[in-house]
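File shown: data_0.txt. Contents: compact mmCIF, C-alpha atoms and all ligand atoms.
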```txt
# COMPACT_ATOMS: atom_id res chain seq x y z
CA MET T 190 -31.91 -28.12 23.34
CA ALA T 191 -30.69 -30.96 21.11
CA ASP T 192 -27.06 -31.88 21.68
CA TYR T 193 -25.45 -31.83 18.26
CA TRP T 194 -21.89 -32.16 19.53
CA LYS T 195 -20.14 -35.32 18.41
CA LYS T 196 -17.11 -36.27 20.50
CA ILE T 197 -14.15 -38.08 19.01
CA ASN T 198 -11.08 -39.33 20.88
CA GLU T 199 -12.42 -38.00 24.16
CA ASN T 200 -9.22 -38.70 26.10
CA GLY T 201 -7.04 -36.62 23.78
CA LYS T 202 -4.94 -34.04 25.66
CA LYS T 203 -5.66 -31.03 23.49
CA ARG T 204 -9.31 -30.05 23.12
CA ILE T 205 -10.43 -28.84 19.70
CA LEU T 206 -13.88 -27.59 18.74
CA VAL T 207 -15.08 -27.73 15.15
CA THR T 208 -18.19 -25.61 14.76
CA ARG T 209 -19.70 -27.45 11.78
CA SER T 210 -19.22 -30.80 10.14
CA ILE T 211 -16.50 -30.52 7.46
CA PRO T 212 -15.71 -32.94 4.61
CA GLY T 213 -13.08 -35.65 4.47
CA ARG T 214 -11.48 -37.86 7.10
CA LYS T 215 -7.78 -37.07 6.85
CA TRP T 216 -8.11 -33.82 8.82
CA LEU T 217 -9.62 -35.73 11.72
CA ASP T 218 -6.96 -38.45 11.63
CA ILE T 219 -4.29 -35.72 11.71
CA LEU T 220 -5.82 -34.18 14.84
CA ILE T 221 -6.38 -37.54 16.53
CA SER T 222 -2.84 -38.76 15.90
CA ALA T 223 -1.57 -35.48 17.36
CA GLY T 224 -3.40 -36.34 20.58
CA CYS T 225 -6.41 -34.07 20.23
CA SER T 226 -9.94 -34.68 21.37
CA VAL T 227 -12.29 -33.26 18.76
CA GLU T 228 -15.85 -32.06 19.26
CA ILE T 229 -17.83 -31.36 16.12
CA TYR T 230 -21.13 -29.48 16.00
CA ASP T 231 -22.58 -32.11 13.73
CA THR T 232 -25.47 -30.36 12.03
CA HIS T 233 -25.99 -27.82 9.28
CA HIS T 234 -27.12 -25.14 11.71
CA LEU T 235 -24.97 -22.35 12.99
CA VAL T 236 -23.89 -23.00 16.59
CA PRO T 237 -25.89 -20.52 18.67
CA ARG T 238 -23.43 -18.03 20.12
CA LYS T 239 -24.37 -18.80 23.73
CA GLU T 240 -23.87 -22.48 23.05
CA LEU T 241 -20.46 -21.84 21.51
CA ILE T 242 -19.39 -19.81 24.54
CA ARG T 243 -20.69 -22.52 26.86
CA LYS T 244 -18.91 -25.18 24.86
CA ILE T 245 -15.55 -23.40 24.83
CA GLY T 246 -15.85 -23.72 28.60
CA SER T 247 -12.77 -23.66 30.78
CA LYS T 248 -10.44 -25.61 28.49
CA CYS T 249 -10.26 -25.29 24.75
CA ASP T 250 -6.98 -25.23 22.84
CA GLY T 251 -8.26 -24.29 19.43
CA VAL T 252 -11.28 -23.92 17.19
CA ILE T 253 -11.98 -24.59 13.53
CA GLY T 254 -14.68 -22.02 12.79
CA GLN T 255 -16.89 -21.01 9.89
CA LEU T 256 -17.18 -17.92 7.70
CA ASP T 257 -20.69 -17.13 8.93
CA GLU T 258 -19.64 -16.88 12.57
CA ASP T 259 -18.60 -13.55 13.95
CA TRP T 260 -15.25 -14.14 15.64
CA ASP T 261 -15.02 -10.96 17.67
CA GLU T 262 -13.68 -9.64 20.96
CA GLU T 263 -16.10 -11.68 23.04
CA LEU T 264 -15.31 -15.02 21.43
CA PHE T 265 -11.55 -14.50 21.35
CA ALA T 266 -11.60 -13.36 25.00
CA LYS T 267 -13.50 -16.50 25.91
CA LEU T 268 -11.20 -18.75 23.90
CA ALA T 269 -8.12 -17.15 25.49
CA GLN T 270 -9.59 -17.62 29.00
CA ALA T 271 -10.00 -21.29 28.15
CA GLY T 272 -6.29 -21.47 27.29
CA GLY T 273 -6.90 -21.34 23.55
CA LYS T 274 -4.05 -20.36 21.24
CA ALA T 275 -5.37 -21.04 17.75
CA PHE T 276 -8.35 -20.21 15.57
CA SER T 277 -8.60 -21.66 12.10
CA ASN T 278 -11.17 -20.09 9.78
CA TYR T 279 -12.55 -22.68 7.36
CA ALA T 280 -12.40 -20.21 4.46
CA VAL T 281 -9.95 -18.03 2.64
CA GLY T 282 -12.07 -14.91 3.33
CA TYR T 283 -11.77 -13.67 6.89
CA ASP T 284 -14.03 -10.63 7.11
CA ASN T 285 -15.76 -12.51 9.97
CA VAL T 286 -12.57 -12.51 12.05
CA ASP T 287 -11.48 -9.57 14.18
CA LEU T 288 -7.73 -10.01 13.85
CA GLU T 289 -6.95 -7.21 16.28
CA ALA T 290 -9.05 -8.92 18.95
CA ALA T 291 -7.36 -12.24 18.22
CA THR T 292 -3.93 -10.64 18.55
CA ARG T 293 -4.92 -8.82 21.77
CA HIS T 294 -5.80 -12.18 23.26
CA GLY T 295 -2.68 -13.96 22.03
CA ILE T 296 -4.55 -16.12 19.56
CA ILE T 297 -3.16 -16.85 16.12
CA ALA T 298 -5.89 -16.88 13.49
CA CYS T 299 -5.38 -18.69 10.18
CA ASN T 300 -7.27 -19.21 6.92
CA THR T 301 -7.28 -21.62 3.98
CA PRO T 302 -5.78 -19.95 0.89
CA GLY T 303 -4.37 -21.74 -2.12
CA VAL T 304 -6.47 -24.90 -1.97
CA LEU T 305 -9.68 -23.39 -3.34
CA THR T 306 -8.34 -21.08 -6.02
CA GLY T 307 -9.20 -23.23 -9.03
CA ALA T 308 -12.59 -24.24 -7.65
CA THR T 309 -13.64 -20.65 -6.97
CA ALA T 310 -12.37 -19.47 -10.34
CA GLU T 311 -14.36 -22.25 -12.03
CA LEU T 312 -17.54 -21.31 -10.18
CA GLY T 313 -16.95 -17.74 -11.39
CA ILE T 314 -16.77 -19.04 -14.95
CA ALA T 315 -19.92 -21.13 -14.48
CA LEU T 316 -21.82 -18.11 -13.17
CA SER T 317 -20.51 -15.86 -15.95
CA PHE T 318 -21.89 -18.10 -18.65
CA ALA T 319 -25.03 -19.03 -16.74
CA ALA T 320 -25.83 -15.31 -16.59
CA ALA T 321 -24.67 -14.43 -20.10
CA ARG T 322 -26.41 -17.36 -21.79
CA ASN T 323 -29.72 -17.62 -19.89
CA ILE T 324 -28.91 -21.09 -18.61
CA VAL T 325 -31.28 -21.01 -15.64
CA CYS T 326 -34.21 -19.45 -17.52
CA GLY T 327 -33.65 -21.97 -20.31
CA ASP T 328 -33.60 -24.86 -17.86
CA ASN T 329 -36.87 -23.71 -16.25
CA TYR T 330 -38.43 -23.27 -19.66
CA VAL T 331 -37.62 -26.82 -20.69
CA ARG T 332 -38.73 -28.33 -17.36
CA LYS T 333 -42.03 -26.48 -17.51
CA GLY T 334 -42.80 -28.08 -20.86
CA LYS T 335 -42.59 -24.78 -22.73
CA PHE T 336 -40.00 -25.94 -25.25
CA HIS T 337 -41.94 -26.77 -28.41
CA GLY T 338 -39.07 -26.49 -30.87
CA TRP T 339 -36.09 -24.44 -31.98
CA LEU T 340 -36.73 -20.72 -32.35
CA PRO T 341 -34.32 -18.24 -33.93
CA LYS T 342 -34.97 -15.63 -31.25
CA LEU T 343 -35.24 -17.81 -28.16
CA PHE T 344 -33.23 -16.64 -25.12
CA LEU T 345 -30.57 -14.78 -27.04
CA GLY T 346 -27.53 -14.35 -24.85
CA LYS T 347 -24.27 -12.52 -24.99
CA LEU T 348 -21.10 -13.75 -26.70
CA MET T 349 -18.01 -13.42 -24.50
CA GLN T 350 -15.39 -14.20 -27.12
CA ARG T 351 -13.27 -11.12 -27.97
CA ARG T 352 -15.30 -8.97 -25.58
CA THR T 353 -13.76 -7.07 -22.66
CA LEU T 354 -13.41 -8.65 -19.25
CA GLY T 355 -13.00 -6.48 -16.15
CA VAL T 356 -11.76 -8.11 -12.95
CA ILE T 357 -11.99 -6.23 -9.67
CA GLY T 358 -9.43 -7.80 -7.35
CA ALA T 359 -6.91 -9.66 -9.50
CA GLY T 360 -5.19 -11.56 -6.71
CA ARG T 361 -4.92 -15.30 -6.39
CA ILE T 362 -8.52 -16.21 -7.31
CA GLY T 363 -9.27 -13.21 -9.55
CA GLY T 364 -6.01 -13.89 -11.41
CA ALA T 365 -6.89 -17.57 -11.87
CA TYR T 366 -10.32 -16.62 -13.22
CA ALA T 367 -8.78 -14.01 -15.53
CA ARG T 368 -6.21 -16.44 -16.98
CA ARG T 369 -8.91 -18.94 -17.81
CA MET T 370 -11.34 -16.41 -19.26
CA VAL T 371 -8.83 -14.41 -21.28
CA SER T 372 -7.00 -17.39 -22.75
CA GLY T 373 -10.17 -19.47 -23.09
CA PHE T 374 -12.27 -16.85 -24.81
CA LYS T 375 -9.69 -14.41 -26.18
CA MET T 376 -11.08 -11.56 -24.17
CA ASP T 377 -9.49 -8.16 -23.83
CA PHE T 378 -8.84 -7.52 -20.20
CA LEU T 379 -8.79 -4.75 -17.62
CA TYR T 380 -8.13 -5.28 -13.96
CA HIS T 381 -8.44 -3.17 -10.88
CA ASN T 382 -6.01 -4.04 -8.13
CA ARG T 383 -3.89 -2.28 -5.53
CA THR T 384 -0.71 -3.45 -7.24
CA ARG T 385 0.26 -4.66 -10.67
CA ASN T 386 -0.10 -8.43 -11.05
CA ASP T 387 3.19 -9.21 -12.82
CA ASN T 388 2.62 -12.97 -12.91
CA LEU T 389 -0.70 -12.50 -14.61
CA GLU T 390 0.69 -9.98 -17.08
CA ASN T 391 3.61 -12.29 -17.94
CA TYR T 392 1.18 -15.12 -18.51
CA LEU T 393 -0.91 -12.95 -20.83
CA ASN T 394 2.17 -11.74 -22.69
CA ASN T 395 3.08 -15.38 -23.31
CA TYR T 396 -0.47 -16.05 -24.41
CA ASN T 397 -0.22 -13.18 -26.90
CA THR T 398 3.00 -14.66 -28.29
CA PHE T 399 1.10 -17.89 -28.82
CA LEU T 400 -1.77 -16.06 -30.55
CA LYS T 401 0.60 -14.19 -32.86
CA GLU T 402 2.45 -17.39 -33.74
CA ASN T 403 -0.92 -18.78 -34.78
CA ASN T 404 -1.75 -15.71 -36.86
CA GLU T 405 -4.41 -14.55 -34.45
CA GLU T 406 -5.01 -11.06 -33.07
CA PRO T 407 -3.44 -10.63 -29.65
CA VAL T 408 -5.66 -9.64 -26.73
CA VAL T 409 -5.34 -6.18 -25.23
CA PHE T 410 -4.83 -6.05 -21.48
CA LYS T 411 -3.77 -3.64 -18.76
CA LYS T 412 -4.28 -2.63 -15.16
CA ALA T 413 -7.11 -0.12 -15.39
CA ASP T 414 -6.23 3.51 -14.73
CA ASN T 415 -9.12 3.63 -12.28
CA MET T 416 -12.27 1.77 -11.38
CA GLU T 417 -14.42 3.96 -13.61
CA GLU T 418 -12.46 2.98 -16.71
CA LEU T 419 -13.07 -0.69 -15.95
CA LEU T 420 -16.77 -0.23 -15.18
CA ARG T 421 -17.40 1.75 -18.36
CA LYS T 422 -15.46 -0.49 -20.76
CA ALA T 423 -16.04 -4.04 -19.54
CA ASP T 424 -18.72 -6.33 -20.95
CA LEU T 425 -18.23 -8.82 -18.15
CA ILE T 426 -17.29 -7.57 -14.69
CA ALA T 427 -16.18 -10.08 -12.06
CA ILE T 428 -15.58 -9.25 -8.42
CA PHE T 429 -12.95 -11.06 -6.34
CA VAL T 430 -11.97 -8.51 -3.69
CA SER T 431 -12.07 -9.34 -0.02
CA LEU T 432 -14.61 -7.51 2.10
CA ASN T 433 -13.32 -4.73 4.33
CA LYS T 434 -14.26 -1.14 5.06
CA ASP T 435 -12.82 0.03 1.73
CA THR T 436 -14.70 -2.50 -0.36
CA HIS T 437 -18.06 -2.41 1.45
CA HIS T 438 -20.64 -1.31 -1.19
CA LEU T 439 -17.86 -0.79 -3.72
CA ILE T 440 -20.55 -1.50 -6.29
CA ASN T 441 -23.45 0.88 -5.67
CA THR T 442 -26.01 2.93 -7.57
CA SER T 443 -23.45 5.21 -9.15
CA SER T 444 -21.03 2.44 -10.15
CA LEU T 445 -23.89 0.38 -11.59
CA LYS T 446 -24.87 3.36 -13.72
CA MET T 447 -21.36 3.51 -15.17
CA MET T 448 -21.61 -0.08 -16.46
CA LYS T 449 -22.79 -0.89 -19.96
CA ARG T 450 -26.55 -1.28 -20.21
CA ASP T 451 -26.10 -4.94 -21.10
CA ALA T 452 -23.07 -5.74 -18.95
CA VAL T 453 -22.77 -9.02 -17.05
CA LEU T 454 -21.75 -8.68 -13.40
CA ILE T 455 -20.68 -11.59 -11.24
CA ASN T 456 -19.71 -11.78 -7.58
CA VAL T 457 -18.10 -14.76 -5.86
CA SER T 458 -16.33 -12.79 -3.13
CA ARG T 459 -18.52 -11.42 -0.34
CA GLY T 460 -22.07 -10.11 -0.71
CA ALA T 461 -21.61 -6.74 0.97
CA VAL T 462 -19.13 -5.64 -1.70
CA ILE T 463 -22.31 -4.90 -3.66
CA ASP T 464 -25.13 -2.69 -2.40
CA GLU T 465 -27.71 -5.40 -3.02
CA GLU T 466 -30.75 -3.11 -2.85
CA ALA T 467 -29.19 -0.88 -5.50
CA LEU T 468 -28.44 -3.97 -7.59
CA VAL T 469 -32.04 -5.20 -7.41
CA GLU T 470 -33.26 -1.80 -8.57
CA HIS T 471 -30.70 -1.70 -11.37
CA CYS T 472 -31.64 -5.18 -12.60
CA GLN T 473 -35.36 -4.34 -12.42
CA ASN T 474 -34.83 -1.26 -14.59
CA ASN T 475 -32.35 -2.79 -17.04
CA SER T 476 -33.60 -6.09 -18.38
CA ASP T 477 -30.54 -6.50 -20.62
CA PHE T 478 -28.21 -6.30 -17.63
CA ARG T 479 -27.20 -9.75 -16.32
CA CYS T 480 -25.90 -10.77 -12.99
CA GLY T 481 -24.57 -13.93 -11.33
CA LEU T 482 -24.29 -13.98 -7.54
CA ASP T 483 -22.83 -16.62 -5.26
CA VAL T 484 -22.80 -14.42 -2.15
CA TYR T 485 -25.29 -12.03 -0.54
CA GLU T 486 -25.19 -8.95 1.59
CA ASP T 487 -27.27 -10.45 4.44
CA GLU T 488 -26.40 -14.04 3.67
CA PRO T 489 -28.35 -16.31 3.67
CA LYS T 490 -31.16 -13.75 3.30
CA LEU T 491 -31.75 -12.00 0.00
CA LYS T 492 -32.80 -8.39 -0.44
CA GLU T 493 -36.40 -8.05 -1.44
CA GLY T 494 -37.05 -8.64 -5.11
CA LEU T 495 -33.74 -10.35 -5.91
CA ASP T 496 -35.30 -13.80 -6.26
CA GLN T 497 -37.93 -12.45 -8.67
CA LEU T 498 -35.43 -11.29 -11.28
CA THR T 499 -34.98 -13.43 -14.36
CA ASN T 500 -31.80 -11.59 -15.39
CA VAL T 501 -30.06 -12.77 -12.23
CA VAL T 502 -28.60 -16.22 -11.50
CA LEU T 503 -28.20 -17.18 -7.84
CA THR T 504 -26.07 -19.91 -6.23
CA PRO T 505 -25.77 -20.66 -2.50
CA HIS T 506 -22.14 -19.67 -1.74
CA LEU T 507 -20.57 -22.53 -3.65
CA GLY T 508 -17.29 -20.85 -4.62
CA SER T 509 -14.97 -23.40 -3.06
CA GLY T 510 -17.58 -26.15 -3.27
CA THR T 511 -15.81 -29.05 -4.89
CA PHE T 512 -15.02 -32.21 -2.98
CA GLU T 513 -11.28 -31.74 -3.57
CA SER T 514 -11.18 -28.15 -2.36
CA ARG T 515 -13.36 -28.64 0.66
CA THR T 516 -11.45 -31.73 1.83
CA ASN T 517 -8.16 -29.88 1.34
CA MET T 518 -9.57 -26.92 3.27
CA SER T 519 -10.34 -29.33 6.11
CA ILE T 520 -6.78 -30.65 6.11
CA LEU T 521 -5.28 -27.17 5.93
CA ALA T 522 -7.52 -25.98 8.77
CA ALA T 523 -6.30 -28.87 10.93
CA ARG T 524 -2.65 -28.28 9.98
CA ASN T 525 -3.00 -24.59 10.83
CA LEU T 526 -4.30 -25.44 14.30
CA LEU T 527 -1.66 -28.01 15.07
CA ALA T 528 1.18 -25.86 13.79
CA VAL T 529 0.11 -23.05 16.14
CA LEU T 530 -0.38 -25.42 19.07
CA ASN T 531 3.05 -26.95 18.39
CA GLY T 532 4.56 -23.49 18.63
CA TYR T 533 5.72 -23.38 15.01
CA LYS T 534 6.46 -20.03 13.41
CA PRO T 535 5.12 -18.60 10.15
CA LYS T 536 7.32 -18.66 7.08
CA GLY T 537 6.14 -17.16 3.82
CA ARG T 538 3.26 -18.59 1.88
CA GLU T 539 4.95 -20.29 -1.03
CA ASP T 540 3.27 -23.52 -1.95
CA ILE T 541 0.42 -24.07 0.45
CA LYS T 542 -0.37 -27.42 -1.13
CA ILE T 543 2.58 -29.11 0.62
CA PHE T 544 0.51 -28.85 3.79
CA VAL T 545 -2.21 -31.13 2.47
CA GLY T 546 0.37 -33.86 1.81
CA ASP T 547 1.67 -36.31 4.39
CA ASN T 548 4.90 -34.58 5.39
CA PRO T 549 4.13 -30.92 6.04
CA PRO T 550 7.01 -28.63 6.98
CA ASP T 551 7.34 -27.29 10.55
CA TYR T 552 5.78 -23.89 10.14
CA ILE T 553 2.29 -22.39 10.24
CA PRO T 554 0.69 -22.75 6.79
CA ALA T 555 -1.52 -19.67 6.66
CA PRO T 556 -1.36 -17.36 9.66
CA LEU T 557 -3.26 -14.06 9.45
CA ASN T 558 -1.90 -12.22 12.47
CA ALA T 559 1.56 -13.62 13.10
CA GLY T 560 4.93 -12.89 11.59
C1 LIG A 601 -14.00 -18.62 1.19
O1 LIG A 601 -13.24 -19.56 1.45
O2 LIG A 601 -13.84 -17.50 1.63
C2 LIG A 601 -15.13 -18.92 0.28
O3 LIG A 601 -16.05 -17.90 0.29
C3 LIG A 601 -15.75 -20.23 0.63
O4 LIG A 601 -16.49 -20.69 -0.48
```
Output the file's structure as structure tokens, nothing else.
Ligand code: DGY
Amino acid sequence: MADYWKKINENGKKRILVTRSIPGRKWLDILISAGCSVEIYDTHHLVPRKELIRKIGSKCDGVIGQLDEDWDEELFAKLAQAGGKAFSNYAVGYDNVDLEAATRHGIIACNTPGVLTGATAELGIALSFAAARNIVCGDNYVRKGKFHGWLPKLFLGKLMQRRTLGVIGAGRIGGAYARRMVSGFKMDFLYHNRTRNDNLENYLNNYNTFLKENNEEPVVFKKADNMEELLRKADLIAIFVSLNKDTHHLINTSSLKMMKRDAVLINVSRGAVIDEEALVEHCQNNSDFRCGLDVYEDEPKLKEGLDQLTNVVLTPHLGSGTFESRTNMSILAARNLLAVLNGYKPKGREDIKIFVGDNPPDYIPAPLNAG
């Protein structure tokens, strides 16, 4: 088998594995100057599980892992046996991490919130309009030489301005998306969330003051009474919930039926929040329905028929995919590891961005199972 592992600072005292090549250089300098040896699986492939277990070996202090690896009992047990104390998930989503297993084995798991919020919200916006305005079909049409001149009925899309937006999961990223969409396109707004998002509502109240001062109609917004209200009323539905047993197949045949015939649905959270087979069937039977997906139920595989649908736009899990976000995720992942290995404690989650600067405070930036 090819040896993809790249070793850096081999004599470092603490041994860190990084299961895929990640962007930037600062994260590596941080680990090296803290006396770590770093081994990076330097290829685009997933590390085979057996290889990962072999590589953890008898001494491994911490791992920076990826969202498509299943960090379960077996891996945490192995890491703990090797003296490991820290696992840093290179993602904000952590449905791939068994936190109870990590805790059982005395390992602190961390994630990378706060540094990818804007990037993921922007990708959500890009997908919303790509789906609503036939961007991909239009692009194919032009490339194939089919564009022979302006036509009044060519690829008519859906106007978002003053329509109703429904956001499922109005937390950090969903809230950022909602702010941009509502204040950018004057959309009425419903959200479904466990708790009221007071910051978001204050922001929208201020936005309405601005609209009124400019003699414009205010937008109407509220936390939806229930999911059904949102599904029935929204023209554009955007999903930002994390995946767990309560959100698995949250969108299924019956919820799809509640949506408007010509609704636009986008998902930049995790694929299995949508029953993808049901979605394919719904899109096949409702040509006016539009959908933009960045994530898939059996990622990277697609359910049969999905790639044949012209009312669906597909991107390859690019939510956080800007250079800035991904390099900051790298730094945060390294800071998480070192903070745990240094024995720091957690302390709130105020402004995560201070951890990507040069003088981070002495606490763990984003622990998931400590404190
Ligand atoms: C995350 O961080 O969870 C995103 O899905 C990565 O794009």
Residue nearest T:Asp231 among T:Glu199, T:Asp424, T:Asp192, T:Asp250 (counting all atoms listed in the file):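 The closest residue to T:Asp231 is T:Asp192.
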Close residues to ligand LIG 601 (chain A) using only C-alpha atoms and all ligand atoms, limit 8 Å, as a count of residues only: 19
All residues 12 Å or closer to T:Leu345, only C-alpha atoms, same chain fewer than 3 positions away omitted, as a PyMOL selection string: chain T and resi 320-324+326-327+340-342+348+477
Å distance separating atom CA of T:Ser317 from atom CA of T:Tyr396, one decimal place: 21.8 Å
Protein, DNA and RNA residues within 6 Å of (-6.4, -34.6, 22.3), all atoms listed in the file, as JSON, numbers by chain: {"T": [201, 202, 203, 204, 224, 225, 226]}
Each residue of stretch 286-365 of chain T lying at most 10 Å from stretch 428-438 of chain T should get a row with its shortest atom-to-atom pair and the distance in Å to one decimal, counting only C-alpha atoms; could you produce that, ordered by chain and increasing number, as CSV?
```
residue,atom,partner,partner_atom,distance
T:Thr309,CA,T:Phe429,CA,9.6
T:Ala310,CA,T:Phe429,CA,9.3
T:Gly313,CA,T:Ile428,CA,9.1
T:Gly355,CA,T:Ile428,CA,8.6
T:Val356,CA,T:Ile428,CA,6.0
T:Ile357,CA,T:Ile428,CA,4.9
T:Gly358,CA,T:Val430,CA,4.5
T:Ala359,CA,T:Phe429,CA,7.0
T:Gly360,CA,T:Phe429,CA,7.8
T:Arg361,CA,T:Phe429,CA,9.1
T:Ile362,CA,T:Phe429,CA,6.9
T:Gly363,CA,T:Phe429,CA,5.3
T:Gly364,CA,T:Phe429,CA,9.0
```
Long-range neighbours of T:Ile543 as a list of chain:residue names, 12 Å cut-off, only C-alpha atoms, 2 positions minimum in chain: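 Counting only the stated atoms, we get T:Gly303, T:Val304, T:Asn517, T:Ile520, T:Leu521, T:Arg524, T:Arg538, T:Glu539, T:Asp540, T:Ile541, T:Val545, T:Gly546, T:Asp547, T:Asn548, T:Pro549, T:Pro550, T:Asp551, T:Tyr552, T:Ile553, T:Pro554, T:Ala555.
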Repaired coordinates for stretch 343-363 of chain T (N, CA and C atoms) as a CSV table (one decimal), in the frame of the given file:
```csv
chain,number,residue,atom,x,y,z
T,343,LEU,N,-35.0,-17.3,-29.5
T,343,LEU,CA,-35.2,-17.8,-28.2
T,343,LEU,C,-34.0,-17.5,-27.3
T,344,PHE,N,-34.2,-16.9,-26.2
T,344,PHE,CA,-33.2,-16.6,-25.1
T,344,PHE,C,-31.9,-16.2,-25.7
T,345,LEU,N,-31.9,-15.2,-26.5
T,345,LEU,CA,-30.6,-14.8,-27.0
T,345,LEU,C,-29.7,-14.2,-26.0
T,346,GLY,N,-28.5,-14.8,-25.9
T,346,GLY,CA,-27.5,-14.4,-24.8
T,346,GLY,C,-26.4,-13.5,-25.4
T,347,LYS,N,-25.3,-13.4,-24.6
T,347,LYS,CA,-24.3,-12.5,-25.0
T,347,LYS,C,-23.0,-13.3,-25.2
T,348,LEU,N,-22.4,-13.1,-26.4
T,348,LEU,CA,-21.1,-13.8,-26.7
T,348,LEU,C,-20.0,-13.1,-25.9
T,349,MET,N,-19.1,-14.0,-25.3
T,349,MET,CA,-18.0,-13.4,-24.5
T,349,MET,C,-16.7,-13.3,-25.3
T,350,GLN,N,-16.6,-14.2,-26.3
T,350,GLN,CA,-15.4,-14.2,-27.1
T,350,GLN,C,-15.1,-12.8,-27.7
T,351,ARG,N,-13.8,-12.4,-27.5
T,351,ARG,CA,-13.3,-11.1,-28.0
T,351,ARG,C,-14.0,-9.9,-27.4
T,352,ARG,N,-14.7,-10.1,-26.3
T,352,ARG,CA,-15.3,-9.0,-25.6
T,352,ARG,C,-14.3,-8.5,-24.5
T,353,THR,N,-14.7,-7.6,-23.7
T,353,THR,CA,-13.8,-7.1,-22.7
T,353,THR,C,-14.2,-7.6,-21.3
T,354,LEU,N,-13.2,-8.2,-20.6
T,354,LEU,CA,-13.4,-8.6,-19.2
T,354,LEU,C,-12.8,-7.6,-18.3
T,355,GLY,N,-13.5,-7.3,-17.2
T,355,GLY,CA,-13.0,-6.5,-16.2
T,355,GLY,C,-13.0,-7.2,-14.8
T,356,VAL,N,-11.8,-7.4,-14.2
T,356,VAL,CA,-11.8,-8.1,-13.0
T,356,VAL,C,-11.4,-7.1,-11.8
T,357,ILE,N,-12.2,-7.1,-10.8
T,357,ILE,CA,-12.0,-6.2,-9.7
T,357,ILE,C,-11.4,-7.1,-8.6
T,358,GLY,N,-10.1,-6.9,-8.3
T,358,GLY,CA,-9.4,-7.8,-7.4
T,358,GLY,C,-8.8,-8.9,-8.1
T,359,ALA,N,-7.6,-8.6,-8.7
T,359,ALA,CA,-6.9,-9.7,-9.5
T,359,ALA,C,-5.8,-10.3,-8.7
T,360,GLY,N,-6.2,-10.9,-7.5
T,360,GLY,CA,-5.2,-11.6,-6.7
T,360,GLY,C,-5.2,-13.0,-7.1
T,361,ARG,N,-5.1,-13.9,-6.1
T,361,ARG,CA,-4.9,-15.3,-6.4
T,361,ARG,C,-6.1,-15.8,-7.2
T,362,ILE,N,-7.3,-15.6,-6.6
T,362,ILE,CA,-8.5,-16.2,-7.3
T,362,ILE,C,-8.9,-15.4,-8.5
T,363,GLY,N,-8.9,-14.1,-8.4
T,363,GLY,CA,-9.3,-13.2,-9.6
T,363,GLY,C,-8.3,-13.4,-10.7
```
